[in-house]
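Colleague: Pasting a structure here, questions to come.
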Amino acid sequence: MTGAACGLLLVLCAVSLCVGSFPLSLDQIGRILQGQLAGQLPARVFWTLRVPRTAVGLLAGLGLGLAGGVYQTVFRNPLASPDLTGVASGASLGAACAIVLGSGSTLALMAGAFGAGLASLVLVLALVKAARMEYTVTYVLAGVIVSSAADAALMALKVLADPERELAAIEFWTMGSLATVTAAKLGMLAPVVVLPLSLLLLFRRQAAILFLGDETARSLGLEPRRWRAVLLGLTTLMVSALVSVTGVIAFVGLIAPHIAFRLLGRRAGPYLILSALTGADLLLAADLLARSLSPGAELPLSIFTVLFAVPVLIALLCGRREGGDGDA
């Protein structure tokens, strides 16, 4: 399954490099890579627009898919996603603050989203500590509380925003897009995403053990509280960084792990790897549709990721109704 997901991902990456308002052929890309078109328009489009956009789409899909898999494994909850800890909602609020109350520059936008996303996790952990109940449902409820508060603040900012400029920017941000990706943003994003992504894949055995329950984890020599904090911290860092550049992309982190689980039948082995690959496939496919269906305009990514999610969620609902695997 992972081989098929990798093959599909390679195809989507190749198509992503070709498709756009200025189409490139595979022959042109080959000549660009050989240095034959250096300085010409096709080479500039390829290196300054297509490569950064495809690379960020790849990183975002891998990161969101992996994040969803980690959350669903660590919290033993099939409905867990990056929104669980309020990271996405917090990052949206931080970006909106930068747009309405700050300079609105790219750096301010990224800093606001990143800082607010991390602050959301701190608030969730503080609520869990205050409740003095180290149960997975406590983390879920704390995440809902933080997300709801961030959403309420975001709605208040929308009321204050300039309807002709700031409101449109906030709305577009909350639906996700790769339209504004540049090589500079890729350079800032890549290290902050690649490191936690690599560590999460390295720690996939520990995540799988946490799925067995705290008592089993302790019997296997794993400290649940410590490892849960490590995995959640790495995941939040990765998701916050991604949201600071792409905006909020809905449902990828929720449905990619479900697809991986359906294909494998278990949350062990290559499950997290397949979740990441599936997320990348979904996001790159959504981006191709976003830039292709409306000539001269960019559609938000969440339009398509929500559409992708509908059949997956219907299958999940029907599986539960028919007495399928409760974990699925």
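Note on naming: chains are A, B, ... as they come in the structure tokens, residues start from 1 per chain, ligands start from 1 in the order shown.
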Please extract the residues of region 93-184 of chain A with a backbone DSSP assignment of alpha helix (DSSP H) and present them as number ranges by chain.
Modeller: A: 93-100, 106-131, 136-160, 166-173, 183-184
Colleague: Pick out the residues sitting within 10 Å of Gly213 (chain A), and hand them over as a PDB file with C-alpha atoms, in the first residue's frame; count only C-alpha atoms, and ignore anything fewer than 2 positions along from it in its own chain.
Modeller:
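Saved to out_17.pdb:
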```pdb
ATOM      1  CA  VAL A  74      -2.185   8.734  20.966  1.00  0.00           C
ATOM      2  CA  PHE A  75      -5.728   9.734  21.977  1.00  0.00           C
ATOM      3  CA  ARG A  76      -7.237   6.411  20.855  1.00  0.00           C
ATOM      4  CA  ALA A 208       1.608   2.525  18.627  1.00  0.00           C
ATOM      5  CA  ILE A 209       2.311   1.410  22.212  1.00  0.00           C
ATOM      6  CA  LEU A 210       0.346   4.377  23.621  1.00  0.00           C
ATOM      7  CA  PHE A 211      -2.611   3.177  21.563  1.00  0.00           C
ATOM      8  CA  GLU A 215      -1.194   0.374  31.742  1.00  0.00           C
ATOM      9  CA  THR A 216       0.109  -1.680  28.836  1.00  0.00           C
ATOM     10  CA  ALA A 217       2.531   1.101  27.919  1.00  0.00           C
ATOM     11  CA  ARG A 218       3.949   1.143  31.460  1.00  0.00           C
ATOM     12  CA  PRO A 224       2.736   7.500  28.868  1.00  0.00           C
TER      13      PRO A 224
END
```
Colleague: Skip Thr48 (chain A) itself and residues of its chain fewer than 6 positions away, then list as a list in words all residues within 10 Å of it, counting only C-alpha atoms.
Modeller: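 The residues satisfying every condition are Val181, Thr182, Ala183 and Ala184 of chain A.
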Colleague: Please tabulate, as JSON lines, the residues of region 70-151 of chain A that come within 10 Å of region 261-284 of chain A, each with its closest pair of atoms and the distance in Å to one decimal, counting only C-alpha atoms and ordering rows by chain, then residue number upward.
Modeller:
```
{"residue": "A:Val70", "atom": "CA", "partner": "A:Leu272", "partner_atom": "CA", "distance": 7.2}
{"residue": "A:Gln72", "atom": "CA", "partner": "A:Arg267", "partner_atom": "CA", "distance": 9.2}
{"residue": "A:Thr73", "atom": "CA", "partner": "A:Arg267", "partner_atom": "CA", "distance": 7.1}
```
Colleague: Now that the selection is made, can you save its residues with N, CA, C and O atoms as a PDB file, in the first residue's frame?
Modeller:
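Result file is selection.pdb:
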```pdb
ATOM      1  N   VAL A  70      -1.072  10.545  14.293  1.00  0.00           N
ATOM      2  CA  VAL A  70      -0.523  10.588  15.651  1.00  0.00           C
ATOM      3  C   VAL A  70      -1.629  10.887  16.657  1.00  0.00           C
ATOM      4  O   VAL A  70      -1.742  10.222  17.701  1.00  0.00           O
ATOM      5  N   GLN A  72      -4.907  10.393  16.410  1.00  0.00           N
ATOM      6  CA  GLN A  72      -5.857   9.292  16.532  1.00  0.00           C
ATOM      7  C   GLN A  72      -5.248   8.103  17.255  1.00  0.00           C
ATOM      8  O   GLN A  72      -5.956   7.337  17.916  1.00  0.00           O
ATOM      9  N   THR A  73      -3.934   7.938  17.139  1.00  0.00           N
ATOM     10  CA  THR A  73      -3.257   6.847  17.839  1.00  0.00           C
ATOM     11  C   THR A  73      -3.047   7.176  19.314  1.00  0.00           C
ATOM     12  O   THR A  73      -3.387   6.386  20.199  1.00  0.00           O
TER      13      THR A  73
END
```
Colleague: Show me, as a PDB file with all heavy atoms, in the first residue's frame, the residues that have an atom within 10 Å of Trp47 (chain A) when counting only C-alpha atoms, minus same-chain residues fewer than 4 positions from it.
Modeller:
```
ATOM      1  N   LEU A  17       4.067  20.179 -11.046  1.00  0.00           N
ATOM      2  CA  LEU A  17       5.136  20.997 -11.623  1.00  0.00           C
ATOM      3  C   LEU A  17       4.778  21.503 -13.015  1.00  0.00           C
ATOM      4  O   LEU A  17       5.323  22.512 -13.477  1.00  0.00           O
ATOM      5  CB  LEU A  17       6.433  20.187 -11.690  1.00  0.00           C
ATOM      6  CG  LEU A  17       7.087  19.834 -10.350  1.00  0.00           C
ATOM      7  CD1 LEU A  17       8.239  18.871 -10.564  1.00  0.00           C
ATOM      8  CD2 LEU A  17       7.582  21.093  -9.635  1.00  0.00           C
ATOM      9  N   ILE A  32      15.116  22.291 -18.355  1.00  0.00           N
ATOM     10  CA  ILE A  32      15.413  23.215 -17.260  1.00  0.00           C
ATOM     11  C   ILE A  32      16.370  22.560 -16.265  1.00  0.00           C
ATOM     12  O   ILE A  32      17.347  23.178 -15.810  1.00  0.00           O
ATOM     13  CB  ILE A  32      14.114  23.647 -16.552  1.00  0.00           C
ATOM     14  CG1 ILE A  32      13.284  24.546 -17.468  1.00  0.00           C
ATOM     15  CG2 ILE A  32      14.424  24.378 -15.243  1.00  0.00           C
ATOM     16  CD1 ILE A  32      11.877  24.815 -16.955  1.00  0.00           C
ATOM     17  N   LEU A  33      16.107  21.310 -15.916  1.00  0.00           N
ATOM     18  CA  LEU A  33      16.965  20.596 -14.972  1.00  0.00           C
ATOM     19  C   LEU A  33      18.374  20.388 -15.516  1.00  0.00           C
ATOM     20  O   LEU A  33      19.338  20.280 -14.754  1.00  0.00           O
ATOM     21  CB  LEU A  33      16.341  19.247 -14.610  1.00  0.00           C
ATOM     22  CG  LEU A  33      15.021  19.316 -13.817  1.00  0.00           C
ATOM     23  CD1 LEU A  33      14.441  17.927 -13.629  1.00  0.00           C
ATOM     24  CD2 LEU A  33      15.236  19.999 -12.473  1.00  0.00           C
ATOM     25  N   PRO A  42      10.370  30.089 -18.747  1.00  0.00           N
ATOM     26  CA  PRO A  42       9.991  28.774 -18.202  1.00  0.00           C
ATOM     27  C   PRO A  42      10.830  28.378 -16.987  1.00  0.00           C
ATOM     28  O   PRO A  42      10.295  27.815 -16.018  1.00  0.00           O
ATOM     29  CB  PRO A  42      10.227  27.815 -19.376  1.00  0.00           C
ATOM     30  CG  PRO A  42      10.092  28.668 -20.585  1.00  0.00           C
ATOM     31  CD  PRO A  42      10.660  29.994 -20.195  1.00  0.00           C
ATOM     32  N   ALA A  43      12.118  28.672 -17.007  1.00  0.00           N
ATOM     33  CA  ALA A  43      12.983  28.321 -15.874  1.00  0.00           C
ATOM     34  C   ALA A  43      12.627  29.147 -14.648  1.00  0.00           C
ATOM     35  O   ALA A  43      12.620  28.636 -13.516  1.00  0.00           O
ATOM     36  CB  ALA A  43      14.445  28.523 -16.246  1.00  0.00           C
ATOM     37  N   VAL A  51       8.224  24.825  -8.149  1.00  0.00           N
ATOM     38  CA  VAL A  51       8.953  23.996  -7.185  1.00  0.00           C
ATOM     39  C   VAL A  51       8.579  24.356  -5.748  1.00  0.00           C
ATOM     40  O   VAL A  51       8.257  23.460  -4.940  1.00  0.00           O
ATOM     41  CB  VAL A  51      10.479  24.094  -7.411  1.00  0.00           C
ATOM     42  CG1 VAL A  51      11.237  23.447  -6.251  1.00  0.00           C
ATOM     43  CG2 VAL A  51      10.862  23.408  -8.719  1.00  0.00           C
ATOM     44  N   PRO A  52       8.580  25.650  -5.356  1.00  0.00           N
ATOM     45  CA  PRO A  52       8.175  25.973  -3.982  1.00  0.00           C
ATOM     46  C   PRO A  52       6.739  25.549  -3.668  1.00  0.00           C
ATOM     47  O   PRO A  52       6.466  25.010  -2.592  1.00  0.00           O
ATOM     48  CB  PRO A  52       8.323  27.497  -3.916  1.00  0.00           C
ATOM     49  CG  PRO A  52       9.328  27.824  -4.959  1.00  0.00           C
ATOM     50  CD  PRO A  52       9.088  26.852  -6.064  1.00  0.00           C
ATOM     51  N   ARG A  53       5.834  25.759  -4.619  1.00  0.00           N
ATOM     52  CA  ARG A  53       4.430  25.409  -4.365  1.00  0.00           C
ATOM     53  C   ARG A  53       4.259  23.902  -4.200  1.00  0.00           C
ATOM     54  O   ARG A  53       3.573  23.443  -3.286  1.00  0.00           O
ATOM     55  CB  ARG A  53       3.550  25.916  -5.517  1.00  0.00           C
ATOM     56  CG  ARG A  53       2.076  25.603  -5.321  1.00  0.00           C
ATOM     57  CD  ARG A  53       1.216  26.332  -6.315  1.00  0.00           C
ATOM     58  NE  ARG A  53      -0.197  26.153  -6.007  1.00  0.00           N
ATOM     59  CZ  ARG A  53      -1.138  27.026  -6.286  1.00  0.00           C
ATOM     60  NH1 ARG A  53      -0.818  28.162  -6.877  1.00  0.00           N
ATOM     61  NH2 ARG A  53      -2.395  26.774  -5.993  1.00  0.00           N
ATOM     62  N   THR A 182       6.134  31.069  -1.730  1.00  0.00           N
ATOM     63  CA  THR A 182       7.345  31.522  -2.430  1.00  0.00           C
ATOM     64  C   THR A 182       8.529  30.682  -1.962  1.00  0.00           C
ATOM     65  O   THR A 182       8.440  29.935  -0.978  1.00  0.00           O
ATOM     66  CB  THR A 182       7.632  33.001  -2.128  1.00  0.00           C
ATOM     67  OG1 THR A 182       7.863  33.151  -0.716  1.00  0.00           O
ATOM     68  CG2 THR A 182       6.473  33.893  -2.558  1.00  0.00           C
ATOM     69  N   ALA A 183       9.638  30.844  -2.653  1.00  0.00           N
ATOM     70  CA  ALA A 183      10.851  30.125  -2.259  1.00  0.00           C
ATOM     71  C   ALA A 183      11.304  30.547  -0.863  1.00  0.00           C
ATOM     72  O   ALA A 183      11.814  29.728  -0.091  1.00  0.00           O
ATOM     73  CB  ALA A 183      11.959  30.383  -3.283  1.00  0.00           C
TER      74      ALA A 183
END
```
Colleague: Find the spatial neighbours of Pro78 (chain A), counting only C-alpha atoms, within a cut-off of 10 Å - ignore same-chain residues fewer than 2 positions away - and output them as a PyMOL selection string.
Modeller: chain A and resi 68-69+71-73+75-76+80-81+254-255+257-258+316+326-328
Colleague: Got a sec: who's within 9 Å of region 82-94 of chain A, counting only C-alpha atoms, leaving out chain neighbours fewer than 6 positions off, as a tab-separated table (two decimals) with N, CA, C and O atoms, in the first residue's frame?
Modeller:
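Output below, filename result01.tsv:
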```
chain	number	residue	atom	x	y	z
A	64	LEU	N	0.16	17.12	7.78
A	64	LEU	CA	-1.21	17.04	8.28
A	64	LEU	C	-1.68	15.58	8.38
A	64	LEU	O	-2.36	15.20	9.34
A	67	ALA	N	0.11	14.11	11.34
A	67	ALA	CA	-0.43	14.67	12.58
A	67	ALA	C	-1.75	14.00	12.95
A	67	ALA	O	-1.97	13.65	14.12
A	68	GLY	N	-2.62	13.83	11.97
A	68	GLY	CA	-3.89	13.16	12.24
A	68	GLY	C	-3.69	11.73	12.73
A	68	GLY	O	-4.36	11.28	13.67
A	71	TYR	N	-2.47	11.88	16.38
A	71	TYR	CA	-3.55	12.21	17.30
A	71	TYR	C	-4.50	11.03	17.51
A	71	TYR	O	-4.88	10.72	18.63
A	109	LEU	N	2.39	37.70	9.65
A	109	LEU	CA	1.35	36.68	9.50
A	109	LEU	C	1.85	35.32	10.00
A	109	LEU	O	1.17	34.64	10.76
A	110	MET	N	3.06	34.96	9.57
A	110	MET	CA	3.64	33.69	9.98
A	110	MET	C	3.91	33.66	11.48
A	110	MET	O	3.62	32.67	12.16
A	111	ALA	N	4.45	34.76	12.00
A	111	ALA	CA	4.76	34.82	13.43
A	111	ALA	C	3.49	34.74	14.27
A	111	ALA	O	3.44	34.04	15.29
A	112	GLY	N	2.45	35.47	13.85
A	112	GLY	CA	1.19	35.46	14.59
A	112	GLY	C	0.56	34.08	14.61
A	112	GLY	O	0.11	33.60	15.66
A	113	ALA	N	0.51	33.44	13.45
A	113	ALA	CA	-0.09	32.10	13.37
A	113	ALA	C	0.71	31.08	14.17
A	113	ALA	O	0.15	30.26	14.89
A	114	PHE	N	2.02	31.15	14.03
A	114	PHE	CA	2.89	30.19	14.71
A	114	PHE	C	2.79	30.35	16.23
A	114	PHE	O	2.62	29.37	16.97
A	115	GLY	N	2.89	31.60	16.72
A	115	GLY	CA	2.84	31.85	18.15
A	115	GLY	C	1.50	31.47	18.76
A	115	GLY	O	1.44	30.85	19.84
A	116	ALA	N	0.41	31.80	18.09
A	116	ALA	CA	-0.91	31.49	18.62
A	116	ALA	C	-1.18	29.99	18.60
A	116	ALA	O	-1.86	29.46	19.49
A	117	GLY	N	-0.66	29.29	17.60
A	117	GLY	CA	-0.83	27.84	17.55
A	117	GLY	C	-0.15	27.16	18.72
A	117	GLY	O	-0.72	26.26	19.37
A	118	LEU	N	1.07	27.58	19.03
A	118	LEU	CA	1.78	27.01	20.17
A	118	LEU	C	1.10	27.40	21.49
A	118	LEU	O	1.03	26.60	22.42
A	119	ALA	N	0.60	28.64	21.55
A	119	ALA	CA	-0.09	29.07	22.77
A	119	ALA	C	-1.34	28.23	23.03
A	119	ALA	O	-1.69	27.95	24.18
A	120	SER	N	-1.99	27.78	21.95
A	120	SER	CA	-3.19	26.95	22.11
A	120	SER	C	-2.85	25.65	22.82
A	120	SER	O	-3.60	25.18	23.69
A	121	LEU	N	-1.73	25.03	22.44
A	121	LEU	CA	-1.33	23.78	23.09
A	121	LEU	C	-1.03	24.02	24.57
A	121	LEU	O	-1.41	23.21	25.43
A	123	LEU	N	-2.36	26.24	26.51
A	123	LEU	CA	-3.64	26.40	27.20
A	123	LEU	C	-4.32	25.05	27.42
A	123	LEU	O	-4.90	24.80	28.49
A	124	VAL	N	-4.26	24.19	26.40
A	124	VAL	CA	-4.87	22.86	26.54
A	124	VAL	C	-4.20	22.08	27.67
A	124	VAL	O	-4.88	21.49	28.53
A	125	LEU	N	-2.88	22.09	27.68
A	125	LEU	CA	-2.15	21.37	28.73
A	125	LEU	C	-2.42	21.96	30.10
A	125	LEU	O	-2.50	21.24	31.10
A	139	TYR	N	-8.17	15.70	27.36
A	139	TYR	CA	-7.46	16.44	26.32
A	139	TYR	C	-8.43	16.86	25.21
A	139	TYR	O	-8.34	17.97	24.69
A	140	VAL	N	-9.34	15.96	24.86
A	140	VAL	CA	-10.32	16.27	23.81
A	140	VAL	C	-11.19	17.45	24.23
A	140	VAL	O	-11.39	18.41	23.46
A	141	LEU	N	-11.73	17.40	25.44
A	141	LEU	CA	-12.60	18.47	25.92
A	141	LEU	C	-11.84	19.79	26.03
A	141	LEU	O	-12.36	20.85	25.66
A	142	ALA	N	-10.60	19.73	26.52
A	142	ALA	CA	-9.79	20.95	26.62
A	142	ALA	C	-9.53	21.54	25.24
A	142	ALA	O	-9.56	22.77	25.06
A	143	GLY	N	-9.28	20.68	24.26
A	143	GLY	CA	-9.08	21.16	22.89
A	143	GLY	C	-10.32	21.83	22.33
A	143	GLY	O	-10.24	22.86	21.65
A	144	VAL	N	-11.50	21.26	22.61
A	144	VAL	CA	-12.76	21.86	22.16
A	144	VAL	C	-12.95	23.24	22.80
A	144	VAL	O	-13.38	24.19	22.15
A	145	ILE	N	-12.62	23.35	24.08
A	145	ILE	CA	-12.76	24.63	24.78
A	145	ILE	C	-11.87	25.70	24.15
A	145	ILE	O	-12.31	26.82	23.86
A	146	VAL	N	-10.60	25.35	23.94
A	146	VAL	CA	-9.66	26.31	23.36
A	146	VAL	C	-10.06	26.67	21.93
A	146	VAL	O	-10.02	27.85	21.54
A	147	SER	N	-10.47	25.69	21.15
A	147	SER	CA	-10.89	25.95	19.78
A	147	SER	C	-12.11	26.87	19.74
A	147	SER	O	-12.19	27.79	18.92
A	148	SER	N	-13.06	26.62	20.63
A	148	SER	CA	-14.27	27.45	20.67
A	148	SER	C	-13.95	28.89	21.05
A	148	SER	O	-14.49	29.83	20.46
A	149	ALA	N	-13.05	29.05	22.02
A	149	ALA	CA	-12.66	30.40	22.42
A	149	ALA	C	-11.95	31.13	21.29
A	149	ALA	O	-12.20	32.32	21.03
A	150	ALA	N	-11.05	30.41	20.59
A	150	ALA	CA	-10.33	31.02	19.46
A	150	ALA	C	-11.29	31.38	18.33
A	150	ALA	O	-11.16	32.44	17.71
A	151	ASP	N	-12.26	30.51	18.07
A	151	ASP	CA	-13.24	30.80	17.01
A	151	ASP	C	-14.09	32.01	17.36
A	151	ASP	O	-14.42	32.83	16.49
A	153	ALA	N	-13.15	34.57	19.26
A	153	ALA	CA	-12.29	35.74	19.07
A	153	ALA	C	-12.10	36.06	17.60
A	153	ALA	O	-12.06	37.23	17.19
A	154	LEU	N	-12.01	35.01	16.76
A	154	LEU	CA	-11.86	35.21	15.32
A	154	LEU	C	-13.09	35.88	14.74
A	154	LEU	O	-12.99	36.78	13.89
A	157	LEU	N	-12.95	39.53	15.52
A	157	LEU	CA	-12.02	40.23	14.64
A	157	LEU	C	-12.62	40.47	13.25
A	157	LEU	O	-12.36	41.49	12.62
A	170	ILE	N	-8.82	37.45	5.69
A	170	ILE	CA	-9.06	36.51	6.78
A	170	ILE	C	-9.86	35.30	6.29
A	170	ILE	O	-9.53	34.15	6.61
A	173	TRP	N	-7.72	33.04	4.23
A	173	TRP	CA	-6.75	32.36	5.09
A	173	TRP	C	-7.38	31.15	5.78
A	173	TRP	O	-6.77	30.08	5.87
A	174	THR	N	-8.61	31.32	6.27
A	174	THR	CA	-9.25	30.25	7.02
A	174	THR	C	-9.70	29.09	6.13
A	174	THR	O	-10.16	28.06	6.65
A	232	LEU	N	2.83	15.11	21.22
A	232	LEU	CA	1.94	16.25	21.01
A	232	LEU	C	2.72	17.53	20.74
A	232	LEU	O	2.33	18.36	19.91
A	235	THR	N	4.04	17.37	17.16
A	235	THR	CA	2.93	17.51	16.21
A	235	THR	C	2.43	18.95	16.16
A	235	THR	O	2.17	19.49	15.08
A	236	THR	N	2.31	19.57	17.32
A	236	THR	CA	1.84	20.96	17.36
A	236	THR	C	2.82	21.91	16.69
A	236	THR	O	2.42	22.83	15.96
A	239	VAL	N	2.32	21.37	12.88
A	239	VAL	CA	1.06	21.89	12.36
A	239	VAL	C	1.02	23.41	12.42
A	239	VAL	O	0.55	24.08	11.49
A	240	SER	N	1.54	23.99	13.49
A	240	SER	CA	1.57	25.45	13.61
A	240	SER	C	2.38	26.07	12.48
A	240	SER	O	1.99	27.08	11.89
A	243	VAL	N	0.33	25.75	9.16
A	243	VAL	CA	-0.81	26.66	9.10
A	243	VAL	C	-0.34	28.10	8.92
A	243	VAL	O	-1.01	28.90	8.26
A	244	SER	N	0.82	28.43	9.45
A	244	SER	CA	1.32	29.80	9.32
A	244	SER	C	1.62	30.17	7.87
A	244	SER	O	1.69	31.35	7.53
A	247	GLY	N	-2.40	28.49	5.68
A	247	GLY	CA	-3.74	28.71	6.19
A	247	GLY	C	-4.30	27.39	6.70
A	247	GLY	O	-3.61	26.38	6.75
A	248	VAL	N	-5.57	27.41	7.06
A	248	VAL	CA	-6.22	26.22	7.62
A	248	VAL	C	-6.78	25.37	6.49
A	248	VAL	O	-7.65	25.81	5.75
A	249	ILE	N	-6.30	24.14	6.37
A	249	ILE	CA	-6.78	23.22	5.35
A	249	ILE	C	-7.59	22.14	6.06
A	249	ILE	O	-7.05	21.34	6.82
A	251	PHE	N	-9.87	18.98	7.21
A	251	PHE	CA	-10.17	17.55	7.10
A	251	PHE	C	-9.03	16.64	6.62
A	251	PHE	O	-9.16	15.42	6.71
A	253	GLY	N	-6.12	16.09	7.98
A	253	GLY	CA	-5.63	15.38	9.14
A	253	GLY	C	-6.62	14.41	9.73
A	253	GLY	O	-6.25	13.52	10.50
A	254	LEU	N	-7.90	14.54	9.37
A	254	LEU	CA	-8.92	13.62	9.87
A	254	LEU	C	-9.08	12.41	8.96
A	254	LEU	O	-9.13	11.26	9.43
```
Colleague: I'd like the neighbourhood of Ala38 (chain A) as a list in words, where a residue qualifies if any of its atoms comes within 12 Å (using only C-alpha atoms), though same-chain residues fewer than 6 positions away should be ignored.
Modeller: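 Counting only the stated atoms, we get Gln28, Ile29, Arg31, Ile32, Arg44, Val45, Phe46 and Trp47 of chain A.
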Colleague: For the residues in the current selection, export all heavy atoms as a PDB file, in the first residue's frame.
Modeller:
```pdb
ATOM      1  N   GLN A  28      10.174  20.430 -21.307  1.00  0.00           N
ATOM      2  CA  GLN A  28      10.734  21.698 -20.826  1.00  0.00           C
ATOM      3  C   GLN A  28      11.365  21.533 -19.452  1.00  0.00           C
ATOM      4  O   GLN A  28      12.444  22.068 -19.195  1.00  0.00           O
ATOM      5  CB  GLN A  28       9.634  22.765 -20.772  1.00  0.00           C
ATOM      6  CG  GLN A  28       9.250  23.360 -22.112  1.00  0.00           C
ATOM      7  CD  GLN A  28       8.141  24.384 -21.956  1.00  0.00           C
ATOM      8  OE1 GLN A  28       7.112  24.125 -21.346  1.00  0.00           O
ATOM      9  NE2 GLN A  28       8.361  25.572 -22.503  1.00  0.00           N
ATOM     10  N   ILE A  29      10.684  20.796 -18.578  1.00  0.00           N
ATOM     11  CA  ILE A  29      11.224  20.579 -17.228  1.00  0.00           C
ATOM     12  C   ILE A  29      12.545  19.829 -17.295  1.00  0.00           C
ATOM     13  O   ILE A  29      13.510  20.151 -16.576  1.00  0.00           O
ATOM     14  CB  ILE A  29      10.199  19.825 -16.356  1.00  0.00           C
ATOM     15  CG1 ILE A  29       8.989  20.721 -16.086  1.00  0.00           C
ATOM     16  CG2 ILE A  29      10.835  19.373 -15.046  1.00  0.00           C
ATOM     17  CD1 ILE A  29       7.883  20.052 -15.322  1.00  0.00           C
ATOM     18  N   ARG A  31      14.694  19.933 -19.745  1.00  0.00           N
ATOM     19  CA  ARG A  31      15.706  20.864 -20.242  1.00  0.00           C
ATOM     20  C   ARG A  31      16.090  21.879 -19.168  1.00  0.00           C
ATOM     21  O   ARG A  31      17.253  22.288 -19.078  1.00  0.00           O
ATOM     22  CB  ARG A  31      15.182  21.570 -21.490  1.00  0.00           C
ATOM     23  CG  ARG A  31      15.009  20.622 -22.688  1.00  0.00           C
ATOM     24  CD  ARG A  31      14.183  21.263 -23.777  1.00  0.00           C
ATOM     25  NE  ARG A  31      14.840  22.464 -24.302  1.00  0.00           N
ATOM     26  CZ  ARG A  31      14.215  23.368 -25.077  1.00  0.00           C
ATOM     27  NH1 ARG A  31      12.928  23.207 -25.374  1.00  0.00           N
ATOM     28  NH2 ARG A  31      14.888  24.402 -25.527  1.00  0.00           N
ATOM     29  N   ILE A  32      15.116  22.291 -18.355  1.00  0.00           N
ATOM     30  CA  ILE A  32      15.413  23.215 -17.260  1.00  0.00           C
ATOM     31  C   ILE A  32      16.370  22.560 -16.265  1.00  0.00           C
ATOM     32  O   ILE A  32      17.347  23.178 -15.810  1.00  0.00           O
ATOM     33  CB  ILE A  32      14.114  23.647 -16.552  1.00  0.00           C
ATOM     34  CG1 ILE A  32      13.284  24.546 -17.468  1.00  0.00           C
ATOM     35  CG2 ILE A  32      14.424  24.378 -15.243  1.00  0.00           C
ATOM     36  CD1 ILE A  32      11.877  24.815 -16.955  1.00  0.00           C
ATOM     37  N   ARG A  44      12.327  30.428 -14.845  1.00  0.00           N
ATOM     38  CA  ARG A  44      11.953  31.272 -13.703  1.00  0.00           C
ATOM     39  C   ARG A  44      10.636  30.811 -13.085  1.00  0.00           C
ATOM     40  O   ARG A  44      10.497  30.781 -11.868  1.00  0.00           O
ATOM     41  CB  ARG A  44      11.861  32.738 -14.141  1.00  0.00           C
ATOM     42  CG  ARG A  44      13.199  33.349 -14.553  1.00  0.00           C
ATOM     43  CD  ARG A  44      13.139  34.863 -14.526  1.00  0.00           C
ATOM     44  NE  ARG A  44      12.141  35.385 -15.467  1.00  0.00           N
ATOM     45  CZ  ARG A  44      12.383  35.671 -16.736  1.00  0.00           C
ATOM     46  NH1 ARG A  44      13.610  35.473 -17.229  1.00  0.00           N
ATOM     47  NH2 ARG A  44      11.449  36.146 -17.523  1.00  0.00           N
ATOM     48  N   VAL A  45       9.670  30.472 -13.939  1.00  0.00           N
ATOM     49  CA  VAL A  45       8.389  29.961 -13.435  1.00  0.00           C
ATOM     50  C   VAL A  45       8.608  28.672 -12.654  1.00  0.00           C
ATOM     51  O   VAL A  45       8.046  28.478 -11.574  1.00  0.00           O
ATOM     52  CB  VAL A  45       7.405  29.728 -14.605  1.00  0.00           C
ATOM     53  CG1 VAL A  45       6.187  28.939 -14.135  1.00  0.00           C
ATOM     54  CG2 VAL A  45       6.975  31.048 -15.218  1.00  0.00           C
ATOM     55  N   PHE A  46       9.449  27.796 -13.202  1.00  0.00           N
ATOM     56  CA  PHE A  46       9.695  26.498 -12.572  1.00  0.00           C
ATOM     57  C   PHE A  46      10.339  26.658 -11.200  1.00  0.00           C
ATOM     58  O   PHE A  46       9.854  26.096 -10.212  1.00  0.00           O
ATOM     59  CB  PHE A  46      10.591  25.656 -13.479  1.00  0.00           C
ATOM     60  CG  PHE A  46      10.918  24.290 -12.933  1.00  0.00           C
ATOM     61  CD1 PHE A  46       9.976  23.276 -12.960  1.00  0.00           C
ATOM     62  CD2 PHE A  46      12.165  24.025 -12.387  1.00  0.00           C
ATOM     63  CE1 PHE A  46      10.266  22.021 -12.454  1.00  0.00           C
ATOM     64  CE2 PHE A  46      12.469  22.769 -11.878  1.00  0.00           C
ATOM     65  CZ  PHE A  46      11.516  21.764 -11.909  1.00  0.00           C
ATOM     66  N   TRP A  47      11.413  27.432 -11.107  1.00  0.00           N
ATOM     67  CA  TRP A  47      12.174  27.513  -9.860  1.00  0.00           C
ATOM     68  C   TRP A  47      11.532  28.436  -8.820  1.00  0.00           C
ATOM     69  O   TRP A  47      11.657  28.196  -7.618  1.00  0.00           O
ATOM     70  CB  TRP A  47      13.600  27.975 -10.140  1.00  0.00           C
ATOM     71  CG  TRP A  47      14.419  26.967 -10.878  1.00  0.00           C
ATOM     72  CD1 TRP A  47      14.961  27.084 -12.132  1.00  0.00           C
ATOM     73  CD2 TRP A  47      14.808  25.658 -10.422  1.00  0.00           C
ATOM     74  NE1 TRP A  47      15.642  25.948 -12.488  1.00  0.00           N
ATOM     75  CE2 TRP A  47      15.566  25.052 -11.446  1.00  0.00           C
ATOM     76  CE3 TRP A  47      14.580  24.945  -9.248  1.00  0.00           C
ATOM     77  CZ2 TRP A  47      16.105  23.777 -11.341  1.00  0.00           C
ATOM     78  CZ3 TRP A  47      15.108  23.666  -9.138  1.00  0.00           C
ATOM     79  CH2 TRP A  47      15.865  23.086 -10.165  1.00  0.00           C
TER      80      TRP A  47
END
```
Colleague: Could you check which of A:Ile259, A:Gln206, A:Gly65, A:Asp162 is closest to Pro311 (chain A), using only C-alpha atoms?
Modeller: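 The answer is A:Ile259, which sits nearest to Pro311 (chain A).
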Colleague: What is the distance, in Å and to one decimal place, between CA of Cys18 (chain A) and CA of Asp287 (chain A)?
Modeller: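 Taking CA of Cys18 (chain A) and CA of Asp287 (chain A), their separation equals 12.7 Å.
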Colleague: Between CA of Thr106 (chain A) and CA of Thr180 (chain A), what is the distance, to one decimal in Å?
Modeller: 9.6 Å
